[in-house]
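I have placed the structure first, in the form of structure tokens, so that the comments after it can refer back to it.
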Amino acid sequence: MASSPDLSSADNTPENPVSGSPSEAPATPGTAAGGERRGRVRLRRAAVMAVPATMVAAGLAVLTAQGALGVQFAISGMPFTVTATELNGTGFEQFGGLDNMADGSPNAGDTGGQVLIVTSAIKNATLTKLCQSVDLGGTNLKITAGGGEQKVTASDLTTDSTELSGDAAFNNIEIGNDASTLNKANAKGPIGVFSQQADTVHIGNLRQTNYATTAGVFKLPGLKLGFTGSGC
């Protein structure tokens, strides 16, 4: 998994859809100057400004003036599930944003190649009984680790999620920060984006639907990988 030591907004903010920027799709056969695809992209970007996304445990709305990428690569567009019986972390941050698929991705569907996500960043994390699976259509690629005495550990961990659940507790939480001012972990969003951060985070019975994960260091003791009929 790729390192993401500093997630600045400068390279990751989607272009203004009314500027005629290169990020808008070119003309395609059967459309007027690619109008149908551009319309979908505009609608998706508008959703980041207007639609509240659920924040873990706090039940807060994420209202973003511009999208913020939690990762610095094009996502596949295939969601994967992550579970852990327990997550403990120091240096926690969270803010909303957009992830982009590669141009022409078959997984784009009617999304315009963009996914509305919530980025969670943890400076140092430990996870017990980690499970990660991705549905490949009839079979699942499944990874497990940290089921023994040694736990999974990660530094500069970020996850881009569409769903997140569990039993959460925070120490010294700050709610309503501007994402560009976050300082608890190595992640920042663009100015004007709603966010929250805390000194520590604990989540029991963690379950996430993710589109991307990055970490500076990721140690997985007792790693097992294989194909199974069911996911995590």
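Ordering of the structure tokens sets the chain letters (A, B, ...); residue numbers start at 1 within each chain; ligands are numbered from 1 in the order shown.
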Handout entry: Non-local contacts of region 146-163 of chain A (6 Å; only C-alpha atoms; under 3 positions in same chain excluded) as JSON, numbers by chain
Key = {"A": [117, 118, 119, 120, 121, 122, 123, 124, 125, 126, 127, 128, 129, 130, 208, 209, 210, 211, 212, 213, 214, 215, 216, 217, 218, 219, 220, 221, 222]}
Practice task
For Asn140 (chain A), list every protein, DNA or RNA residue within 7 Å, evaluated using only C-alpha atoms, and leave out those in the same chain fewer than 5 positions away; present the list as a PyMOL selection string.
Solution key: chain A and resi 133-135+227-231
Would you write out those residues with C-alpha atoms, as a short mmCIF file (atom, residue, chain, number, x, y, z; two decimals), in the first residue's frame?
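The new file out34.cif reads:
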```cif
data_model
loop_
_atom_site.label_atom_id
_atom_site.label_comp_id
_atom_site.auth_asym_id
_atom_site.auth_seq_id
_atom_site.Cartn_x
_atom_site.Cartn_y
_atom_site.Cartn_z
CA SER A 133 -11.96 -8.51 1.25
CA VAL A 134 -12.94 -7.46 -2.26
CA ASP A 135 -15.78 -9.03 -4.24
CA PHE A 227 -9.90 -16.75 -2.40
CA THR A 228 -13.11 -17.57 -0.53
CA GLY A 229 -16.82 -17.76 -1.18
CA SER A 230 -17.59 -15.07 1.40
CA GLY A 231 -15.98 -11.78 2.40
#
```
Handout entry: Given only C-alpha atoms as the counted atoms, nearest of A:Leu164, A:Val115, A:Ala84, A:Ile173 to Gly97 (chain A)
Key =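 Between A:Leu164, A:Val115, A:Ala84, A:Ile173, the residue approaching Gly97 (chain A) most closely is A:Val115.
One distance worth recording is that between CA of Phe73 (chain A) and CA of Leu136 (chain A), which is 21.0 Å.
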Exercise for the section: Name all residues at most 7 Å from Ser195 (chain A) (count only C-alpha atoms; drop same-chain ones fewer than 3 positions away) and give them as a PyMOL selection string. Expected result: chain A and resi 94-95+175-179
Write out, as a CSV table (one decimal), in the first residue's frame, the residues just selected, with N, CA, C and O atoms.
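Generated file (again-v1.csv):
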```csv
chain,number,residue,atom,x,y,z
A,94,GLN,N,-10.4,13.7,10.2
A,94,GLN,CA,-11.5,13.2,9.3
A,94,GLN,C,-12.1,14.4,8.6
A,94,GLN,O,-12.4,15.4,9.1
A,95,PHE,N,-12.2,14.2,7.2
A,95,PHE,CA,-12.8,15.2,6.4
A,95,PHE,C,-13.4,14.6,5.1
A,95,PHE,O,-13.0,13.5,4.8
A,175,ILE,N,-14.4,19.5,16.8
A,175,ILE,CA,-15.4,19.4,15.7
A,175,ILE,C,-15.6,20.7,15.0
A,175,ILE,O,-15.9,21.7,15.7
A,176,GLY,N,-15.6,20.7,13.7
A,176,GLY,CA,-15.8,21.9,13.0
A,176,GLY,C,-14.6,22.6,12.5
A,176,GLY,O,-14.7,23.8,12.0
A,177,ASN,N,-13.4,22.0,12.6
A,177,ASN,CA,-12.2,22.6,12.1
A,177,ASN,C,-12.2,22.8,10.6
A,177,ASN,O,-12.9,22.1,9.9
A,178,ASP,N,-11.5,23.8,10.1
A,178,ASP,CA,-11.2,23.9,8.7
A,178,ASP,C,-10.2,22.9,8.4
A,178,ASP,O,-9.1,22.7,9.0
A,179,ALA,N,-10.4,22.1,7.3
A,179,ALA,CA,-9.6,20.9,7.0
A,179,ALA,C,-8.2,21.3,6.7
A,179,ALA,O,-7.2,20.5,6.8
```
Handout entry: Pick from A:Thr139, A:Asp199, A:Gly77, A:Ile191 nearest to Ala169 (chain A), counting only C-alpha atoms
Key =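 The closest residue to Ala169 (chain A) is A:Asp199.
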Exercise for the section: Assign secondary structure with DSSP using the backbone only, and return the residues of region 56-228 of chain A in strand (DSSP E) as a PyMOL selection string. Expected result: chain A and resi 80-100+114-128+130-135+140-145+152-171+174-178+194-214+217-219+224-228
Practice task
Would you work out the distance separating CA of Asp103 (chain A) from CA of Met78 (chain A), expressed in Å to one decimal?
Solution key: 14.5 Å
